>>> print(open('final_3.txt').read())   # compact mmCIF, C-alpha atoms
# COMPACT_ATOMS: atom_id res chain seq x y z
CA MET F 261 64.07 11.13 -47.59
CA ASN F 262 66.74 9.24 -45.79
CA LEU F 263 67.52 5.67 -44.94
CA ALA F 264 65.77 5.65 -41.58
CA MET F 265 62.42 6.58 -43.06
CA ASN F 266 59.86 3.80 -43.05
CA SER F 267 62.35 1.43 -41.51
CA TYR F 268 60.61 -0.84 -39.05
CA LEU F 269 63.96 -1.51 -37.44
CA ALA F 270 64.33 2.20 -36.68
CA LEU F 271 60.79 2.24 -35.29
CA VAL F 272 61.72 -0.49 -32.82
CA LEU F 273 65.25 0.69 -31.94
CA VAL F 274 64.74 4.46 -31.89
CA GLY F 275 61.04 4.60 -30.95
CA PHE F 276 59.71 1.53 -29.18
CA LEU F 277 62.67 0.49 -27.01
CA PRO F 278 63.70 3.95 -25.66
CA SER F 279 60.08 4.58 -24.64
CA GLU F 280 59.07 1.09 -23.48
CA ILE F 281 62.13 0.71 -21.25
CA TRP F 282 60.44 2.97 -18.67
CA ARG F 283 57.42 0.68 -18.49
CA TRP F 284 59.62 -2.40 -17.99
CA LEU F 285 61.65 -0.56 -15.37
CA GLY F 286 58.35 0.35 -13.72
CA ILE F 287 57.42 -3.35 -13.47
CA ALA F 288 60.83 -4.17 -11.96
CA LEU F 289 60.63 -1.37 -9.38
CA GLY F 290 56.91 -1.38 -8.60
CA ARG F 291 56.31 -5.11 -8.27
CA GLY F 292 57.59 -5.40 -4.72
CA LEU F 293 55.91 -2.27 -3.36
CA ASP F 294 52.86 -2.11 -1.13
CA GLU F 295 49.88 0.09 -1.85
CA GLY F 296 50.09 1.80 1.54
CA SER F 297 53.87 2.24 1.64
CA GLU F 298 55.49 5.64 2.03
CA ILE F 299 57.54 5.24 -1.15
CA ILE F 300 54.36 4.77 -3.19
CA LEU F 301 53.05 8.08 -1.90
CA TRP F 302 56.29 9.74 -2.99
CA VAL F 303 56.10 8.04 -6.42
CA ARG F 304 52.54 9.33 -6.83
CA GLY F 305 53.85 12.82 -6.17
CA VAL F 306 56.66 12.37 -8.71
CA ALA F 307 54.25 10.99 -11.34
CA THR F 308 51.82 13.88 -10.87
CA ALA F 309 54.59 16.53 -10.97
CA LEU F 310 56.00 14.91 -14.12
CA VAL F 311 52.63 15.00 -15.88
CA ALA F 312 52.35 18.68 -14.91
CA ALA F 313 55.82 19.28 -16.32
CA VAL F 314 54.76 17.71 -19.63
CA VAL F 315 51.72 20.03 -19.71
CA ALA F 316 53.90 23.11 -19.15
CA LYS F 317 56.50 21.98 -21.67
CA ILE F 318 54.01 21.42 -24.51
CA VAL F 319 52.30 24.77 -23.87
CA LEU F 320 55.55 26.76 -23.60
CA PHE F 321 57.73 24.87 -26.12
CA PRO F 322 55.20 23.28 -28.47
CA PRO F 323 56.12 20.93 -31.29
CA GLY F 324 55.29 21.62 -34.94
CA ALA F 325 51.96 23.19 -35.82
CA LEU F 326 51.09 24.28 -32.28
CA ALA F 327 54.13 26.58 -32.36
CA GLY F 328 52.27 28.59 -35.02
CA VAL F 329 49.75 29.69 -32.36
CA PRO F 330 51.09 32.72 -30.41
CA LEU F 331 52.34 31.98 -26.86
CA PRO F 332 49.82 34.27 -25.08
CA VAL F 333 46.97 32.45 -26.88
CA ARG F 334 48.29 29.05 -25.78
CA ILE F 335 48.61 30.18 -22.16
CA ALA F 336 45.19 31.86 -22.17
CA ALA F 337 43.62 28.74 -23.71
CA ILE F 338 45.02 26.38 -21.07
CA GLY F 339 43.90 28.86 -18.38
CA CYS F 340 40.37 29.04 -19.82
CA GLY F 341 40.21 25.25 -20.01
CA PHE F 342 41.29 24.83 -16.41
CA LEU F 343 38.87 27.51 -15.22
CA ALA F 344 36.03 25.78 -17.06
CA PHE F 345 37.04 22.50 -15.42
CA LEU F 346 36.87 24.12 -11.97
CA LEU F 347 33.57 25.89 -12.63
CA ILE F 348 31.72 23.11 -14.47
CA ARG F 349 31.48 20.28 -11.90
CA ARG F 350 35.21 19.43 -12.16
CA SER F 351 34.49 17.87 -15.55
CA ALA F 352 37.61 17.05 -17.57
CA PHE F 353 35.44 17.01 -20.69
CA ALA F 354 34.27 20.58 -20.12
CA GLY F 355 37.87 21.67 -19.54
CA VAL F 356 39.08 20.06 -22.76
CA LEU F 357 36.20 21.46 -24.81
CA VAL F 358 36.52 25.05 -23.54
CA GLY F 359 40.34 24.95 -23.76
CA GLU F 360 40.18 23.80 -27.38
CA ALA F 361 37.52 26.38 -28.27
CA ALA F 362 39.63 29.13 -26.71
CA LEU F 363 42.73 27.98 -28.60
CA ILE F 364 40.96 27.92 -31.96
CA ALA F 365 39.21 31.26 -31.38
CA GLY F 366 42.45 32.88 -30.19
CA ALA F 367 44.48 31.50 -33.08
CA MET F 368 41.96 32.85 -35.59
CA LEU F 369 41.80 36.29 -33.94
CA PHE F 370 45.52 36.72 -33.48
CA ALA F 371 46.84 34.90 -36.52
CA GLN F 372 50.48 35.67 -37.12
CA MET M 6 24.68 5.80 -0.97
CA CYS M 7 25.47 4.80 -4.51
CA GLY M 8 27.57 1.87 -3.30
CA SER M 9 24.73 0.23 -1.40
CA ALA M 10 22.27 0.71 -4.25
CA ALA M 11 24.64 -0.93 -6.71
CA GLU M 12 25.26 -3.82 -4.33
CA ALA M 13 21.54 -4.34 -3.82
CA THR M 14 20.84 -4.67 -7.54
CA GLU M 15 23.89 -6.86 -7.96
CA ALA M 16 22.78 -9.18 -5.14
CA SER M 17 19.31 -9.78 -6.56
CA ASP M 18 20.25 -10.78 -10.10
CA HIS M 19 23.76 -12.09 -9.60
CA PRO M 20 24.55 -15.37 -11.43
CA ILE M 21 26.18 -16.99 -8.39
CA GLY M 22 23.13 -16.46 -6.17
CA PRO M 23 22.12 -13.63 -3.89
CA ARG M 24 23.75 -14.94 -0.70
CA ARG M 25 27.21 -15.45 -2.15
CA ALA M 26 26.92 -12.19 -4.03
CA ALA M 27 26.05 -10.37 -0.82
CA PHE M 28 29.05 -11.97 0.85
CA ALA M 29 31.30 -10.94 -2.05
CA ALA M 30 29.98 -7.41 -1.83
CA ARG M 31 30.64 -7.35 1.91
CA THR M 32 34.25 -8.54 1.54
CA ARG M 33 34.77 -6.04 -1.23
CA ARG M 34 33.46 -3.27 1.00
CA MET M 35 35.86 -4.33 3.76
CA LEU M 36 38.74 -4.35 1.30
CA VAL M 37 37.76 -0.89 0.20
CA LEU M 38 37.52 0.36 3.78
CA THR M 39 41.04 -0.76 4.67
CA ARG M 40 42.39 1.38 1.86
CA MET M 41 40.36 4.47 2.65
CA PRO M 42 43.21 6.75 3.79
CA ILE M 43 45.10 6.48 0.49
CA ALA M 44 42.67 6.07 -2.33
CA GLU M 45 39.46 7.48 -0.80
CA PRO M 46 37.43 5.40 -3.28
CA PHE M 47 34.14 6.49 -1.72
CA ALA M 48 34.71 9.90 -3.19
CA LEU M 49 33.79 8.25 -6.51
CA CYS M 50 30.17 8.19 -5.45
CA ASP M 51 29.52 11.87 -5.42
CA GLN M 52 32.21 13.76 -7.27
CA GLY M 53 34.69 13.80 -10.06
CA ARG M 54 33.00 11.32 -12.31
CA MET M 55 31.12 11.72 -15.50
CA PRO M 56 27.39 11.16 -15.23
CA ASP M 57 27.49 8.35 -17.79
CA THR M 58 30.20 6.32 -16.05
CA PRO M 59 29.01 2.72 -15.74
CA ALA M 60 28.42 1.86 -12.09
CA ALA M 61 27.82 -1.91 -11.90
CA PRO M 62 30.69 -3.67 -10.09
CA PRO M 63 31.83 -6.71 -12.11
CA GLY M 64 31.83 -10.22 -10.64
CA THR M 65 34.17 -12.09 -13.02
CA ALA M 66 37.38 -11.26 -14.85
CA SER M 67 35.65 -11.00 -18.23
CA GLU M 68 32.98 -8.76 -16.71
CA ALA M 69 35.78 -6.59 -15.33
CA PHE M 70 37.38 -6.45 -18.79
CA LEU M 71 34.06 -5.38 -20.34
CA PHE M 72 33.57 -2.87 -17.53
CA GLY M 73 36.97 -1.46 -18.49
CA LEU M 74 35.90 -1.29 -22.13
CA ARG M 75 32.70 0.55 -21.21
CA SER M 76 34.52 2.89 -18.84
CA ALA M 77 36.98 3.72 -21.62
CA VAL M 78 34.37 4.48 -24.29
CA THR M 79 32.30 6.64 -21.93
CA SER M 80 35.28 8.62 -20.63
CA VAL M 81 36.63 11.89 -21.96
CA PHE M 82 39.63 9.95 -23.28
CA VAL M 83 37.81 8.48 -26.28
CA PHE M 84 37.55 12.00 -27.61
CA VAL M 85 41.12 12.85 -26.53
CA ILE M 86 42.77 9.73 -28.01
CA VAL M 87 40.88 9.82 -31.31
CA PHE M 88 41.54 13.53 -31.81
CA THR M 89 45.23 13.20 -30.83
CA TYR M 90 45.92 10.28 -33.15
CA ILE M 91 44.02 11.69 -36.13
CA GLY M 92 46.43 14.61 -35.75
CA PHE M 93 49.39 12.25 -35.43
CA GLY M 94 48.34 10.22 -38.48
CA ALA M 95 48.16 13.41 -40.55
CA LEU M 96 51.58 14.47 -39.24
CA ALA M 97 53.11 11.11 -40.22
CA HIS M 98 51.62 11.57 -43.70
CA ASP M 99 53.15 15.08 -43.90
CA TYR M 100 56.59 13.64 -43.19
CA GLY M 101 56.17 10.88 -45.78
CA PHE M 102 55.87 7.81 -43.57
CA SER M 103 53.67 4.87 -44.59
CA VAL M 104 50.28 4.26 -42.99
CA GLY M 105 51.42 0.89 -41.61
CA TRP M 106 54.49 2.44 -39.99
CA ALA M 107 52.43 5.23 -38.43
CA SER M 108 49.76 2.88 -37.04
CA LEU M 109 52.35 0.43 -35.73
CA SER M 110 54.14 3.28 -33.96
CA THR M 111 50.91 3.98 -32.06
CA ALA M 112 50.49 0.33 -31.06
CA LEU M 113 54.16 0.01 -30.04
CA LEU M 114 54.98 3.38 -28.45
CA TRP M 115 51.52 4.38 -27.17
CA ALA M 116 52.91 7.74 -26.07
CA GLY M 117 51.75 10.77 -28.07
CA PRO M 118 54.56 13.26 -27.34
CA ALA M 119 57.26 10.62 -27.99
CA GLN M 120 55.64 9.71 -31.33
CA VAL M 121 55.59 13.34 -32.47
CA ILE M 122 59.31 13.58 -31.61
CA LEU M 123 60.06 10.30 -33.40
CA VAL M 124 58.27 11.26 -36.62
CA SER M 125 59.56 14.83 -36.79
CA GLY M 126 63.08 13.73 -35.78
CA LEU M 127 63.38 10.90 -38.32
CA GLY M 128 61.56 12.96 -40.94
CA ALA M 129 63.99 15.86 -40.55
CA GLY M 130 66.99 13.52 -40.74
CA THR M 131 68.17 14.06 -37.15
CA SER M 132 70.76 11.48 -36.05
CA LEU M 133 69.24 8.25 -34.76
CA ILE M 134 70.88 8.42 -31.34
CA GLU M 135 69.62 11.98 -30.79
CA VAL M 136 66.09 10.93 -31.72
CA ALA M 137 66.29 7.91 -29.40
CA ILE M 138 67.40 10.07 -26.46
CA ALA M 139 64.71 12.70 -27.11
CA VAL M 140 62.03 9.99 -27.37
CA SER M 141 63.22 8.38 -24.15
CA LEU M 142 63.37 11.63 -22.17
CA SER M 143 59.85 12.58 -23.23
CA SER M 144 58.53 9.21 -21.95
CA VAL M 145 60.09 9.33 -18.46
CA ARG M 146 56.63 9.90 -16.96
CA LEU M 147 55.76 6.27 -17.79
CA LEU M 148 58.12 5.00 -15.06
CA PRO M 149 56.46 6.58 -11.99
CA ILE M 150 53.04 6.00 -13.55
CA VAL M 151 53.64 2.24 -13.80
CA VAL M 152 55.22 2.09 -10.31
CA ALA M 153 52.24 3.93 -8.79
CA LEU M 154 49.79 1.71 -10.68
CA LEU M 155 51.15 -1.76 -9.84
CA PRO M 156 50.32 -1.83 -6.11
CA ILE M 157 46.71 -0.95 -7.03
CA ILE M 158 46.25 -3.81 -9.53
CA LYS M 159 48.57 -6.61 -8.42
CA ARG M 160 48.13 -9.30 -5.80
CA GLU M 161 50.86 -10.92 -3.74
CA ASN M 162 51.09 -13.93 -6.06
CA THR M 163 50.65 -12.14 -9.40
CA PRO M 164 53.35 -13.45 -11.79
CA PRO M 165 55.39 -10.71 -13.53
CA TRP M 166 54.21 -11.68 -17.04
CA ARG M 167 50.63 -10.77 -16.07
CA LEU M 168 51.87 -7.19 -15.53
CA VAL M 169 53.39 -6.81 -18.99
CA THR M 170 50.13 -5.94 -20.80
CA PRO M 171 48.83 -3.44 -18.21
CA ALA M 172 52.29 -1.83 -18.19
CA HIS M 173 52.35 -1.60 -21.99
CA PHE M 174 48.86 -0.06 -22.06
CA MET M 175 49.92 2.48 -19.44
CA ALA M 176 49.59 6.05 -20.62
CA VAL M 177 48.25 9.04 -18.72
CA ALA M 178 44.71 8.33 -20.02
CA VAL M 179 44.67 4.66 -18.93
CA TRP M 180 46.43 5.50 -15.65
CA VAL M 181 43.85 8.12 -14.74
CA GLU M 182 40.94 5.77 -15.48
CA THR M 183 42.47 2.82 -13.60
CA MET M 184 43.42 4.90 -10.55
CA ARG M 185 39.92 6.40 -10.55
CA LEU M 186 37.80 3.27 -10.91
CA GLY M 187 40.22 0.40 -10.10
CA PRO M 188 40.09 0.73 -6.28
CA SER M 189 36.30 0.19 -6.33
CA LEU M 190 36.74 -3.29 -7.90
CA PRO M 191 37.78 -6.55 -6.23
CA ARG M 192 41.55 -6.80 -6.39
CA ALA M 193 41.44 -10.08 -8.36
CA HIS M 194 39.84 -8.33 -11.36
CA ARG M 195 41.73 -5.08 -11.54
CA ILE M 196 44.30 -6.29 -14.09
CA ALA M 197 41.43 -7.41 -16.36
CA PHE M 198 39.77 -4.02 -15.89
CA CYS M 199 43.01 -2.20 -16.70
CA ASN M 200 43.50 -4.38 -19.81
CA GLY M 201 39.94 -3.54 -20.88
CA VAL M 202 40.55 0.21 -20.64
CA GLY M 203 44.01 -0.03 -22.22
CA LEU M 204 43.20 -2.33 -25.12
CA THR M 205 40.10 -0.28 -26.01
CA LEU M 206 41.94 3.05 -26.10
CA LEU M 207 45.04 1.62 -27.81
CA THR M 208 42.90 0.02 -30.54
CA LEU M 209 40.99 3.26 -31.07
CA GLY M 210 44.27 5.18 -31.17
CA THR M 211 45.73 2.83 -33.79
CA LEU M 212 42.62 3.06 -35.97
CA ALA M 213 42.51 6.85 -35.58
CA THR M 214 46.15 7.03 -36.73
CA ALA M 215 45.24 5.30 -39.99
CA ALA M 216 42.10 7.46 -40.35
CA GLY M 217 44.08 10.66 -39.79
CA TYR M 218 46.70 9.50 -42.28
CA TYR M 219 44.09 9.26 -45.04
CA MET M 220 42.24 12.40 -43.91
CA GLN M 221 45.41 14.51 -44.04
CA ALA M 222 44.42 16.35 -47.22
CA VAL M 223 40.94 17.33 -46.03
CA LEU M 224 41.74 18.41 -42.46
CA PRO M 225 41.41 22.16 -41.80
CA ALA M 226 44.60 24.14 -41.23
CA MET M 227 43.87 24.61 -37.54
CA PHE M 228 43.42 20.88 -36.93
CA ALA M 229 47.08 19.98 -36.37
CA ALA M 230 47.57 22.65 -33.70
CA ALA M 231 44.29 21.81 -31.97
CA ALA M 232 45.13 18.08 -31.94
CA MET M 233 48.50 18.77 -30.32
CA PHE M 234 46.90 21.03 -27.74
CA ILE M 235 44.53 18.31 -26.55
CA THR M 236 47.43 16.49 -24.83
CA PRO M 237 48.28 19.24 -22.30
CA ILE M 238 44.69 20.31 -21.64
CA SER M 239 43.48 16.74 -21.08
CA PHE M 240 46.53 15.78 -18.96
CA LEU M 241 45.94 18.86 -16.80
CA THR M 242 42.21 18.52 -16.23
CA SER M 243 42.16 14.73 -15.78
CA THR M 244 45.05 14.64 -13.29
CA ALA M 245 43.53 17.60 -11.44
CA ARG M 246 40.24 15.70 -11.26
CA ASN M 247 42.02 12.64 -9.85
CA ALA M 248 44.11 14.66 -7.37
CA ARG M 249 42.21 14.09 -4.14
CA LEU M 250 45.13 14.07 -1.71
CA LEU M 251 46.93 17.25 -0.74
CA LEU M 252 50.08 15.44 -1.92
CA GLU M 253 48.76 15.16 -5.48
CA LYS M 254 47.37 18.69 -5.60
CA ALA M 255 50.67 20.11 -4.36
CA ALA M 256 52.64 17.99 -6.85
CA LEU M 257 50.47 19.23 -9.72
CA GLY M 258 50.93 22.88 -8.73
CA LEU M 259 54.65 22.49 -8.11
CA GLY M 260 55.17 20.71 -11.44
CA LEU M 261 53.43 23.58 -13.27
CA VAL M 262 55.77 26.10 -11.61
CA ILE M 263 59.08 24.19 -11.53
CA GLY M 264 58.67 22.77 -15.07
CA PRO M 265 58.76 26.14 -16.86
CA VAL M 266 61.55 27.48 -14.60
CA LEU M 267 63.83 24.54 -15.44
CA ALA M 268 62.83 24.50 -19.12
CA PHE M 269 63.51 28.24 -19.53
CA SER M 270 66.86 27.91 -17.73
CA ARG M 271 67.70 25.20 -20.25
CA VAL M 272 68.44 22.65 -17.55
CA GLU M 273 69.10 19.23 -19.04
CA PHE M 274 66.56 16.48 -18.22
CA ASP M 275 64.11 19.20 -17.11
CA LEU M 276 61.08 16.87 -17.08
CA LEU M 277 62.86 14.31 -14.93
CA TRP M 278 64.11 16.95 -12.45
CA THR M 279 60.70 18.60 -12.23
CA GLY M 280 59.15 15.23 -11.36
CA VAL M 281 61.71 14.42 -8.68
CA ILE M 282 61.86 17.91 -7.12
CA GLY M 283 58.13 18.63 -7.32
CA GLY M 284 57.18 15.14 -6.12
CA THR M 285 59.63 15.25 -3.21
CA LEU M 286 58.51 18.71 -2.06
CA ALA M 287 54.88 17.59 -2.24
CA TYR M 288 55.72 14.47 -0.23
CA VAL M 289 57.58 16.52 2.41
CA LEU M 290 54.58 18.84 2.67
CA HIS M 291 52.33 15.80 3.09
CA ARG M 292 54.55 14.39 5.89
CA TRP M 293 54.65 17.76 7.61
CA ARG M 294 50.86 18.12 7.49
CA ARG M 295 50.38 14.59 8.77
CA LYS M 296 52.77 15.17 11.68
CA ARG M 297 50.94 18.35 12.70
CA GLY M 298 47.61 16.56 12.34
CA ALA M 299 48.78 13.78 14.67
CA LYS M 300 49.62 16.24 17.46
CA PRO M 301 46.53 18.32 18.26
>>> encode(input="final_3.txt", output="structure tokens")
Amino acid sequence: MNLAMNSYLALVLVGFLPSEIWRWLGIALGRGLDEGSEIILWVRGVATALVAAVVAKIVLFPPGALAGVPLPVRIAAIGCGFLAFLLIRRSAFAGVLVGEAALIAGAMLFAQ
Amino acid sequence: MCGSAAEATEASDHPIGPRRAAFAARTRRMLVLTRMPIAEPFALCDQGRMPDTPAAPPGTASEAFLFGLRSAVTSVFVFVIVFTYIGFGALAHDYGFSVGWASLSTALLWAGPAQVILVSGLGAGTSLIEVAIAVSLSSVRLLPIVVALLPIIKRENTPPWRLVTPAHFMAVAVWVETMRLGPSLPRAHRIAFCNGVGLTLLTLGTLATAAGYYMQAVLPAMFAAAAMFITPISFLTSTARNARLLLEKAALGLGLVIGPVLAFSRVEFDLLWTGVIGGTLAYVLHRWRRKRGAKP
């Protein structure tokens, strides 16, 4: 236990503001842009690549409990999920379900 | 096909009368057509959407808000958000936070990975400035997401304060749903639609945090890992589903390759760099393809 725990001030200063600043910056930068402009196309590319980077980061360097699942299982599970998504009518739901099932099955089989 | 059927039903029982409704539908169709090259909203009719997605186009702002609510509760993200935040609530309990603090963090941050960093950082006694930087770096994706969203939902005379709520609700889940269904709505009602999706998912997330907090003792051992895994698998499949342009597909693939390379080489700000490099390469590829397409 330390001082910062349960402090609502810490929640705002260390959690809310550092995260929310990007949304406010987004309003400032995106307000003047046109839907068909070239820069918006580039921003869409950046946003998509960034989301992909988050996916890779969580699978390869997972936080907390997910780190207890072996790396090959995590990679295989995300691969299975994506394959299911491609095969089952490009359904995100199918991808999530199969990915999760693969993760749980793999973690039980190859428990460390 | 599906567009004309929906318009026909709308025209016959529309509150403002069939003729005005038909006119509204026609203008909407024209608006949609002018945007075809970027958003390809017609693709919504036959692919990439769940069979239970509500199809009726709303006529007023409150109808658009309710349409957003219905779209949210019938999307894959209900499952994703509830599962994620039950896991987060249990994690906050593990670290000794209060239920009010944990739930408020969901309503305020509304960014799963950042919240996990916040709770584990503060809980482990990491210095406040280090936690703040780590939280901020993990949320960088919110910037390009908001920038890419605004031109879809705003009008020329939209005052900035009207953009504050859609921007706060913005998370990958809400972004994906708004980019998918927003372009099929009249521009005047897209902010209301986005607020409907966002408020619904944020409320569910906040309630799930409290539920997970109290369920902590009874959750199976595997639950925490599975709840954390739902973020990457849902981000991957939902952005892949929305990636209709070559630009987006290339950016997704490049991000998946460049991200690990930079992370393993311990490059600082790896997420940020992956976004900029991957997005720029994808954009260059898009320009190159377009140039070649223009000259037969």
>>> interface_residues(input="final_3.txt", of="chain F", to="chain M", cutoff="6 Å", atoms="all atoms listed in the file", output="list in words")
Asn266, Val274, Phe276, Pro278, Ser279, Trp282, Arg283, Gly286, Gly290, Asp294, Glu295, Trp302, Val303, Arg304, Gly305, Val306, Ala307, Thr308, Ala309, Leu310, Ala312, Ala313, Val315, Ala316, Ala325, Leu326, Ala352, Phe353 and Val356 of chain F
>>> residues_near_point(input="final_3.txt", point="(36.3, 24.6, -27.5)", cutoff="12 Å", atoms="all atoms listed in the file", output="list in words")
Ala337, Ile338, Cys340, Gly341, Ala344, Phe353, Ala354, Gly355, Val356, Leu357, Val358, Gly359, Glu360, Ala361, Ala362, Leu363, Ile364, Ala365 and Gly366 of chain F; Ala231, Ala232, Phe234, Ile235 and Ile238 of chain M
>>> atom_distance(input="final_3.txt", atom1="atom CA of M:Gly210", atom2="atom CA of M:Thr89")
8.1 Å
>>> atom_distance(input="final_3.txt", atom1="atom CA of M:Phe88", atom2="atom CA of F:Ile318")
16.5 Å
>>> closest_residue(input="final_3.txt", among="M:Arg295, M:Phe70, M:Thr170, M:Phe93", to="M:Ala213", atoms="all atoms listed in the file")
M:Phe93
>>> residues_around(input="final_3.txt", residues="M:Leu71", least_positions_apart="2", cutoff="12 Å", atoms="all atoms listed in the file", output="list in words")
Pro59, Ala61, Pro62, Pro63, Gly64, Thr65, Ala66, Ser67, Glu68, Ala69, Gly73, Leu74, Arg75, Ser76, Ala77, Val78, His194, Arg195, Ala197, Phe198, Cys199, Asn200, Gly201, Val202, Gly203, Leu204 and Thr205 of chain M
>>> write_last_selection(input="final_3.txt", atoms="C-alpha atoms", output="PDB file, in the frame of the given file")
ATOM      1  CA  PRO M  59      29.010   2.720 -15.740  1.00  0.00           C
ATOM      2  CA  ALA M  61      27.820  -1.910 -11.900  1.00  0.00           C
ATOM      3  CA  PRO M  62      30.690  -3.670 -10.090  1.00  0.00           C
ATOM      4  CA  PRO M  63      31.830  -6.710 -12.110  1.00  0.00           C
ATOM      5  CA  GLY M  64      31.830 -10.220 -10.640  1.00  0.00           C
ATOM      6  CA  THR M  65      34.170 -12.090 -13.020  1.00  0.00           C
ATOM      7  CA  ALA M  66      37.380 -11.260 -14.850  1.00  0.00           C
ATOM      8  CA  SER M  67      35.650 -11.000 -18.230  1.00  0.00           C
ATOM      9  CA  GLU M  68      32.980  -8.760 -16.710  1.00  0.00           C
ATOM     10  CA  ALA M  69      35.780  -6.590 -15.330  1.00  0.00           C
ATOM     11  CA  GLY M  73      36.970  -1.460 -18.490  1.00  0.00           C
ATOM     12  CA  LEU M  74      35.900  -1.290 -22.130  1.00  0.00           C
ATOM     13  CA  ARG M  75      32.700   0.550 -21.210  1.00  0.00           C
ATOM     14  CA  SER M  76      34.520   2.890 -18.840  1.00  0.00           C
ATOM     15  CA  ALA M  77      36.980   3.720 -21.620  1.00  0.00           C
ATOM     16  CA  VAL M  78      34.370   4.480 -24.290  1.00  0.00           C
ATOM     17  CA  HIS M 194      39.840  -8.330 -11.360  1.00  0.00           C
ATOM     18  CA  ARG M 195      41.730  -5.080 -11.540  1.00  0.00           C
ATOM     19  CA  ALA M 197      41.430  -7.410 -16.360  1.00  0.00           C
ATOM     20  CA  PHE M 198      39.770  -4.020 -15.890  1.00  0.00           C
ATOM     21  CA  CYS M 199      43.010  -2.200 -16.700  1.00  0.00           C
ATOM     22  CA  ASN M 200      43.500  -4.380 -19.810  1.00  0.00           C
ATOM     23  CA  GLY M 201      39.940  -3.540 -20.880  1.00  0.00           C
ATOM     24  CA  VAL M 202      40.550   0.210 -20.640  1.00  0.00           C
ATOM     25  CA  GLY M 203      44.010  -0.030 -22.220  1.00  0.00           C
ATOM     26  CA  LEU M 204      43.200  -2.330 -25.120  1.00  0.00           C
ATOM     27  CA  THR M 205      40.100  -0.280 -26.010  1.00  0.00           C
TER      28      THR M 205
END
